[in-house]
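Report on the following structure.
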Amino acid sequence: MPIPSLKDRFAALIAAPSVSCTQAHWDQTNRPVIDLLALWLGDLGFACDIQQVTPGKFNLLASRGSGAGGLVLAGHSDTVPFDAELWAADPLRLREADDRWYGLGSCDMKGFFALIIEAVLPLLDQPFRQPLLILATCDEESSMSGARALAEAGRPLGRAAVIGEPTGLRPVRLHKGIMMEGIEIHGQSGHSSNPAYGHSALEAMHEVMGELIALRREWQGRYANPLFDVPTPTLNLGCIHGGDNPNRICGQCSLEYDLRPLPGMDPDQLREAIAGRLRPVAERHQVKIDLAPLFPSVPPFDQPATAELVRLAEQLTGHAAEAVAFATEAPYLQQLGCETLVLGPGDIACAHQPDEYLDLDRIEPTVNLLRGMIEHYCLQPASRG
């Protein structure tokens with residue numbers, strides 16, 4: 001069965017809905033995308049392994065060639081939710097206009113898989129001395145459960161891994177981590193006419209917020225990396241809820257915050273530091289303070305500048321490797337022993353936006369770049385580099 005053209009592959013991937021979301025009414029299976037990729041790659045001679053991560057959620061690992069080493073070309077198969085009424089046309093239908101391909105996932109990042117196939121097609125008649133692995137994960141846009149499952153399984157992948165997230169074809173070797181955390185304070189409600197009738201969770205939270213802001217100030221004085229546009233860690237107090245009436249002492253208050261650590265900052269140690277600062281607050285206010293992650297944290301990512309993959313990507317793109325503010329699955333692939341880099345054709349400025357697109361003039365450079373990487377890692381003898 002002939003493989004569809006590049007444009008038809010793009011269109012088919014975009015037409016296969018695969019939203020992942022923490023809100024159940026939005027969340028969808030990614031199986032249609034996985035099945036499309038497995039069909040095409042299977043027809044090209046790849047061995048395809050579909051792994052269920054959770055009900056309705058799947059990873060695909062397709063491989064050609066065998067042995068240690070080789071290259072992993074990776075991406076996520078899911079998209080964020082969308083507001084269809086804000087798009088100029090159907091988000092699930094590929095539209096060509098203004099020298100761009102528009103559609104949900106064109107940039108971030110189902111379209112990357114269509115480009116991988118385009119890059120590999122003319123190389124299939126050559127012997128793969130080291131394996132090429134194509135990895136499609138689930139739920140990157142919500143829990144990153146697909147990449148986490150791979151890391152927990154611990155199966156070695158390749159010598160190098162490239163994740164095709166939107167970086168404007170500039171190699172990215174560092175990004176911050178993400179910690180989304182919640183604080184719940186349980187006090188004692190009572191009549192507001194006498195403070196002795198209760199213990200205010202809201203007043204305790206006021207002090208908690210002061211401690212968080214003080215910790216942020218300390219961390220920003222201690223940690224900095226000039227490679228980032230925002231060179232210090234950030235802590236954002238995102239939302240707060242508490243109490244129910246002006247004449248009642250507040251018995252419960254909750255806060256949710258976002259912490260973005262730099263490479264070198266350990267999420268578990270940051271949580272311990274926060275817990276240590278809040279224990280005296282609980283004692284002073286006679287309240288109970290519970291701390292818990294809203295989602296599992298994503299670690300910071302740092303691939304050394306001296307790595308072979310970084311040097312190769314800089315040579316092929318003509319750009320020095322950079323740092324970005326958004327997080328990816330890179331730390332999980334790195335945990336499996338891969339030199340890892342984030343490098344893809346889309347622009348992060350249009351990701352997660354209505355009328356997401358990929359500029360057509362990015363297609364040929366991306367295909368050439370991927371082909372060069374496949375030749376380096378898969379077609380050359382294993383001793384190379």
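Residue numbering restarts at 1 for every chain of the structure tokens, chains are lettered A, B, ... in their displayed order, and ligands are numbered from 1 as they appear.
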Stretch 12-29 of chain A surroundings by only C-alpha atoms, 7 Å radius, close-in-sequence under 5 positions cut, as a PyMOL selection string: chain A and resi 56-57+78-81+92-94+103-106+110+139+141-142
Keeping only N, CA and C atoms, take the residues you just selected and write them out as a short mmCIF file (atom, residue, chain, number, x, y, z; two decimals), in the first residue's frame.
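Saved result, out-v8.cif, follows:
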data_model
loop_
_atom_site.label_atom_id
_atom_site.label_comp_id
_atom_site.auth_asym_id
_atom_site.auth_seq_id
_atom_site.Cartn_x
_atom_site.Cartn_y
_atom_site.Cartn_z
N GLY A 56 -7.12 3.90 27.14
CA GLY A 56 -7.33 4.84 26.05
C GLY A 56 -6.12 5.67 25.67
N LYS A 57 -4.99 5.46 26.34
CA LYS A 57 -3.79 6.26 26.09
C LYS A 57 -2.62 5.34 25.75
N ASP A 78 -0.57 14.01 21.22
CA ASP A 78 -1.77 14.70 21.68
C ASP A 78 -1.69 16.18 21.37
N THR A 79 -2.83 16.84 21.51
CA THR A 79 -2.92 18.30 21.36
C THR A 79 -3.63 18.88 22.59
N VAL A 80 -3.57 20.19 22.71
CA VAL A 80 -4.36 20.87 23.73
C VAL A 80 -5.81 21.00 23.26
N PRO A 81 -6.74 21.33 24.17
CA PRO A 81 -8.11 21.66 23.74
C PRO A 81 -8.11 22.89 22.83
N LEU A 92 -9.60 20.84 12.75
CA LEU A 92 -9.22 19.46 12.44
C LEU A 92 -9.16 19.20 10.94
N ARG A 93 -9.09 20.26 10.17
CA ARG A 93 -8.96 20.11 8.71
C ARG A 93 -7.80 20.96 8.24
N LEU A 94 -6.84 20.33 7.58
CA LEU A 94 -5.67 21.05 7.10
C LEU A 94 -6.09 22.12 6.09
N GLY A 103 -3.76 24.12 11.15
CA GLY A 103 -4.49 22.99 11.71
C GLY A 103 -3.98 22.66 13.11
N LEU A 104 -4.84 22.10 13.93
CA LEU A 104 -4.48 21.75 15.30
C LEU A 104 -3.44 20.64 15.30
N GLY A 105 -2.27 20.93 15.84
CA GLY A 105 -1.17 19.97 15.85
C GLY A 105 -0.19 20.14 14.72
N SER A 106 -0.43 21.11 13.83
CA SER A 106 0.51 21.32 12.71
C SER A 106 1.87 21.78 13.22
N LYS A 110 1.98 17.18 15.98
CA LYS A 110 1.76 15.95 15.21
C LYS A 110 2.38 16.03 13.82
N ASP A 139 -0.33 12.14 26.13
CA ASP A 139 -0.62 13.02 27.28
C ASP A 139 0.51 13.97 27.68
N GLU A 141 0.59 17.02 26.92
CA GLU A 141 -0.03 18.31 27.20
C GLU A 141 -0.78 18.33 28.54
N SER A 142 -0.82 17.21 29.24
CA SER A 142 -1.50 17.19 30.54
C SER A 142 -0.59 16.63 31.61
#
Which of stretch 160-266 of chain A DSSP labels strand (DSSP E), written as a PyMOL selection string: chain A and resi 160-163+172-175+179-186+190-191+234-242+248-249+252-260
Would you mind exporting N, CA and C atoms of the selected residues as a tab-separated table (two decimals), in the first residue's frame?
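Output file result.tsv is given in full below:
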chain	number	residue	atom	x	y	z
A	160	ALA	N	21.12	8.95	21.08
A	160	ALA	CA	20.72	10.36	21.01
A	160	ALA	C	19.23	10.42	20.75
A	161	ALA	N	18.60	11.48	21.25
A	161	ALA	CA	17.16	11.68	21.06
A	161	ALA	C	16.89	13.13	20.71
A	162	VAL	N	16.06	13.33	19.69
A	162	VAL	CA	15.63	14.66	19.28
A	162	VAL	C	14.12	14.74	19.40
A	163	ILE	N	13.64	15.72	20.14
A	163	ILE	CA	12.21	15.93	20.35
A	163	ILE	C	11.79	17.12	19.50
A	172	VAL	N	17.69	23.41	21.25
A	172	VAL	CA	17.47	23.79	22.65
A	172	VAL	C	18.04	22.70	23.54
A	173	ARG	N	18.94	23.08	24.41
A	173	ARG	CA	19.57	22.10	25.30
A	173	ARG	C	19.25	22.33	26.78
A	174	LEU	N	18.51	23.37	27.11
A	174	LEU	CA	18.11	23.62	28.49
A	174	LEU	C	16.67	24.10	28.55
A	175	HIS	N	15.95	23.67	29.57
A	175	HIS	CA	14.70	24.33	29.91
A	175	HIS	C	14.45	24.19	31.40
A	179	MET	N	6.66	22.95	38.46
A	179	MET	CA	6.02	22.41	39.65
A	179	MET	C	4.72	23.18	39.85
A	180	MET	N	3.59	22.49	39.78
A	180	MET	CA	2.29	23.09	40.08
A	180	MET	C	1.80	22.46	41.37
A	181	GLU	N	1.74	23.28	42.43
A	181	GLU	CA	1.54	22.78	43.79
A	181	GLU	C	0.33	23.43	44.45
A	182	GLY	N	-0.21	22.75	45.43
A	182	GLY	CA	-1.34	23.27	46.18
A	182	GLY	C	-1.07	23.28	47.68
A	183	ILE	N	-1.58	24.28	48.36
A	183	ILE	CA	-1.51	24.38	49.81
A	183	ILE	C	-2.93	24.50	50.34
A	184	GLU	N	-3.28	23.64	51.28
A	184	GLU	CA	-4.60	23.63	51.88
A	184	GLU	C	-4.45	23.89	53.37
A	185	ILE	N	-5.15	24.90	53.86
A	185	ILE	CA	-5.10	25.23	55.28
A	185	ILE	C	-6.48	24.99	55.90
A	186	HIS	N	-6.49	24.19	56.98
A	186	HIS	CA	-7.72	23.91	57.72
A	186	HIS	C	-7.60	24.57	59.09
A	190	GLY	N	-15.81	30.20	63.17
A	190	GLY	CA	-16.46	30.70	64.37
A	190	GLY	C	-17.05	32.07	64.10
A	191	HIS	N	-17.75	32.61	65.07
A	191	HIS	CA	-18.38	33.91	64.91
A	191	HIS	C	-17.32	35.00	64.91
A	234	THR	N	11.18	31.22	38.92
A	234	THR	CA	9.99	32.02	39.18
A	234	THR	C	9.03	31.24	40.06
A	235	LEU	N	8.24	31.97	40.83
A	235	LEU	CA	7.17	31.38	41.64
A	235	LEU	C	5.97	32.30	41.50
A	236	ASN	N	4.89	31.76	40.94
A	236	ASN	CA	3.68	32.55	40.69
A	236	ASN	C	2.57	32.06	41.59
A	237	LEU	N	2.00	32.98	42.40
A	237	LEU	CA	0.82	32.67	43.20
A	237	LEU	C	-0.40	32.77	42.29
A	238	GLY	N	-0.92	31.62	41.88
A	238	GLY	CA	-1.87	31.59	40.77
A	238	GLY	C	-3.31	31.81	41.15
A	239	CYS	N	-3.81	31.12	42.19
A	239	CYS	CA	-5.21	31.31	42.56
A	239	CYS	C	-5.41	30.95	44.03
A	240	ILE	N	-6.39	31.59	44.64
A	240	ILE	CA	-6.66	31.41	46.06
A	240	ILE	C	-8.17	31.36	46.29
A	241	HIS	N	-8.59	30.50	47.21
A	241	HIS	CA	-10.00	30.35	47.55
A	241	HIS	C	-10.10	30.14	49.06
A	242	GLY	N	-11.07	30.80	49.71
A	242	GLY	CA	-11.22	30.58	51.13
A	242	GLY	C	-12.42	31.28	51.71
A	248	ARG	N	-17.97	35.28	59.41
A	248	ARG	CA	-17.50	34.00	59.91
A	248	ARG	C	-15.97	33.95	59.83
A	249	ILE	N	-15.34	33.49	60.89
A	249	ILE	CA	-13.90	33.25	60.84
A	249	ILE	C	-13.65	32.17	59.80
A	252	GLN	N	-11.30	27.47	56.17
A	252	GLN	CA	-10.54	26.73	55.15
A	252	GLN	C	-10.08	27.70	54.08
A	253	CYS	N	-8.85	27.50	53.62
A	253	CYS	CA	-8.31	28.34	52.55
A	253	CYS	C	-7.32	27.52	51.73
A	254	SER	N	-7.35	27.68	50.41
A	254	SER	CA	-6.45	26.94	49.54
A	254	SER	C	-5.75	27.89	48.57
A	255	LEU	N	-4.53	27.55	48.24
A	255	LEU	CA	-3.70	28.33	47.32
A	255	LEU	C	-3.06	27.39	46.32
A	256	GLU	N	-3.02	27.79	45.07
A	256	GLU	CA	-2.30	27.04	44.04
A	256	GLU	C	-1.23	27.93	43.43
A	257	TYR	N	-0.04	27.37	43.26
A	257	TYR	CA	1.06	28.17	42.73
A	257	TYR	C	1.88	27.36	41.74
A	258	ASP	N	2.66	28.10	40.95
A	258	ASP	CA	3.49	27.52	39.88
A	258	ASP	C	4.94	27.92	40.17
A	259	LEU	N	5.82	26.94	40.23
A	259	LEU	CA	7.23	27.17	40.49
A	259	LEU	C	8.03	26.61	39.33
A	260	ARG	N	8.91	27.44	38.75
A	260	ARG	CA	9.72	27.04	37.59
A	260	ARG	C	11.20	27.01	37.99
Selected residue of minimal separation from A:Leu369 among A:Leu115, A:Leu157, A:Leu124, A:Met205, counting only C-alpha atoms: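 For A:Leu369, the nearest of the given residues is A:Leu115.
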Stretch 47-92 of chain A near stretch 341-357 of chain A within 7 Å: what's each residue's closest atom pair and its distance in Å to one decimal, counting only C-alpha atoms, ordered by chain then ascending residue number, as CSV?
residue,atom,partner,partner_atom,distance
A:Val80,CA,A:His352,CA,6.5
A:Leu86,CA,A:Pro354,CA,6.0
A:Trp87,CA,A:Pro354,CA,5.2
A:Ala88,CA,A:Asp355,CA,6.7
Counting only C-alpha atoms, the residue of A:Ile134, A:Ala321, A:Ala330, A:Val53 that sits nearest A:Ala149: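 Ranked by minimum distance to A:Ala149, first place goes to A:Val53.
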Counting only C-alpha atoms, which residues in stretch 113-216 of chain A sit no more than 10 Å from stretch 32-35 of chain A? For each one, give the nearest pair of atoms and the distance in Å, sorted by chain then residue number, as a tab-separated table.
residue	atom	partner	partner_atom	distance
A:Ala136	CA	A:Ile34	CA	7.4
A:Thr137	CA	A:Ile34	CA	8.8
A:Cys138	CA	A:Ile34	CA	9.2
Atom-to-atom span, atom CA of A:Leu37 and atom CA of A:Tyr102, Å: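 Interatomic distance here is 20.2 Å.
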Contact residues around A:Glu329 with only C-alpha atoms at 10 Å, ignoring same-chain residues under 4 positions, as a PyMOL selection string: chain A and resi 74-76+137+140+144-148+163+165+298-299+301+333-334+340+342
Could the residues in this selection be saved with C-alpha atoms as a PDB file, in the first residue's frame?
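In the end it all went to out_33.pdb:
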ATOM      1  CA  ALA A  74      10.363  11.724  19.385  1.00  0.00           C
ATOM      2  CA  GLY A  75       7.203  13.726  19.829  1.00  0.00           C
ATOM      3  CA  HIS A  76       3.817  13.691  21.484  1.00  0.00           C
ATOM      4  CA  THR A 137       3.923   9.517  23.352  1.00  0.00           C
ATOM      5  CA  GLU A 140       2.362  15.368  27.059  1.00  0.00           C
ATOM      6  CA  MET A 144       3.257  13.573  30.600  1.00  0.00           C
ATOM      7  CA  SER A 145       2.213  10.049  31.566  1.00  0.00           C
ATOM      8  CA  GLY A 146       3.581   8.554  28.340  1.00  0.00           C
ATOM      9  CA  ALA A 147       7.121   9.808  28.843  1.00  0.00           C
ATOM     10  CA  ARG A 148       6.977   9.068  32.574  1.00  0.00           C
ATOM     11  CA  ILE A 163      12.208  15.926  20.347  1.00  0.00           C
ATOM     12  CA  GLU A 165       8.734  20.524  19.791  1.00  0.00           C
ATOM     13  CA  VAL A 298       8.601  18.025  35.349  1.00  0.00           C
ATOM     14  CA  PRO A 299      12.313  18.226  36.176  1.00  0.00           C
ATOM     15  CA  PHE A 301      16.516  19.819  31.611  1.00  0.00           C
ATOM     16  CA  LEU A 333      14.470  10.565  27.636  1.00  0.00           C
ATOM     17  CA  GLN A 334      17.681  11.805  29.212  1.00  0.00           C
ATOM     18  CA  THR A 340      18.764  14.718  24.277  1.00  0.00           C
ATOM     19  CA  VAL A 342      14.684  19.756  21.594  1.00  0.00           C
TER      20      VAL A 342
END
DSSP helix (DSSP H, G or I) residues within stretch 53-286 of chain A, listed as a VMD selection string: chain A and resid 84 to 86 111 to 123 145 to 153 195 to 197 201 to 222 267 to 285
Contacts of A:Arg129 within 7 Å, only C-alpha atoms, excl. fewer than 5 positions in-chain, as a ChimeraX atom specification: /A:65,378-382
C-alpha atoms of the current selection, written as an mmCIF file, in the first residue's frame:
data_model
loop_
_atom_site.group_PDB
_atom_site.id
_atom_site.type_symbol
_atom_site.label_atom_id
_atom_site.label_comp_id
_atom_site.auth_asym_id
_atom_site.auth_seq_id
_atom_site.Cartn_x
_atom_site.Cartn_y
_atom_site.Cartn_z
ATOM 1 C CA GLY A 65 17.656 -1.640 12.575
ATOM 2 C CA CYS A 378 22.042 5.249 11.906
ATOM 3 C CA LEU A 379 23.832 4.804 8.587
ATOM 4 C CA GLN A 380 27.416 5.335 9.758
ATOM 5 C CA PRO A 381 29.442 2.686 11.611
ATOM 6 C CA ALA A 382 28.814 2.549 15.351
#
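With atom CA of A:Ile117 on one side and atom CA of A:Pro131 on the other, the separation reads 15.0 Å.
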From A:Lys7, A:Lys288, A:Gly164, A:Thr232, residue lying nearest A:Trp101 [only C-alpha atoms]: A:Lys7
Counting only C-alpha atoms, the residue of A:Pro4, A:Gly337, A:Gly111, A:Gly177 that sits nearest A:Ser297: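 For A:Ser297, the nearest of the given residues is A:Gly177.
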Who sits within 10 Å of A:Arg222, only C-alpha atoms, same chain under 4 positions skipped, as a VMD selection string: chain A and resid 216 to 218 232 to 233
Residues from last step as file, N, CA and C atoms, as an mmCIF file, in the first residue's frame:
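Listed below is the output, out.cif:
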data_model
loop_
_atom_site.group_PDB
_atom_site.id
_atom_site.type_symbol
_atom_site.label_atom_id
_atom_site.label_comp_id
_atom_site.auth_asym_id
_atom_site.auth_seq_id
_atom_site.Cartn_x
_atom_site.Cartn_y
_atom_site.Cartn_z
ATOM 1 N N ARG A 216 11.025 32.867 47.399
ATOM 2 C CA ARG A 216 11.281 33.246 46.003
ATOM 3 C C ARG A 216 12.422 34.248 45.927
ATOM 4 N N ARG A 217 12.405 35.229 46.795
ATOM 5 C CA ARG A 217 13.460 36.248 46.810
ATOM 6 C C ARG A 217 14.822 35.597 47.104
ATOM 7 N N GLU A 218 14.848 34.683 48.049
ATOM 8 C CA GLU A 218 16.103 34.003 48.389
ATOM 9 C C GLU A 218 16.605 33.166 47.213
ATOM 10 N N THR A 232 16.252 33.740 36.343
ATOM 11 C CA THR A 232 16.098 33.212 37.688
ATOM 12 C C THR A 232 14.875 32.303 37.761
ATOM 13 N N PRO A 233 14.778 31.484 38.804
ATOM 14 C CA PRO A 233 13.547 30.715 39.000
ATOM 15 C C PRO A 233 12.383 31.653 39.286
#
Stretch 268-279 of chain A surroundings by only C-alpha atoms, 10 Å radius, close-in-sequence under 4 positions cut, as JSON, numbers by chain: {"A": [179, 181, 204, 205, 207, 208, 209, 211, 212, 214, 215, 219, 259, 261, 283, 284, 287, 288, 289, 290, 291, 292, 293, 297, 299]}
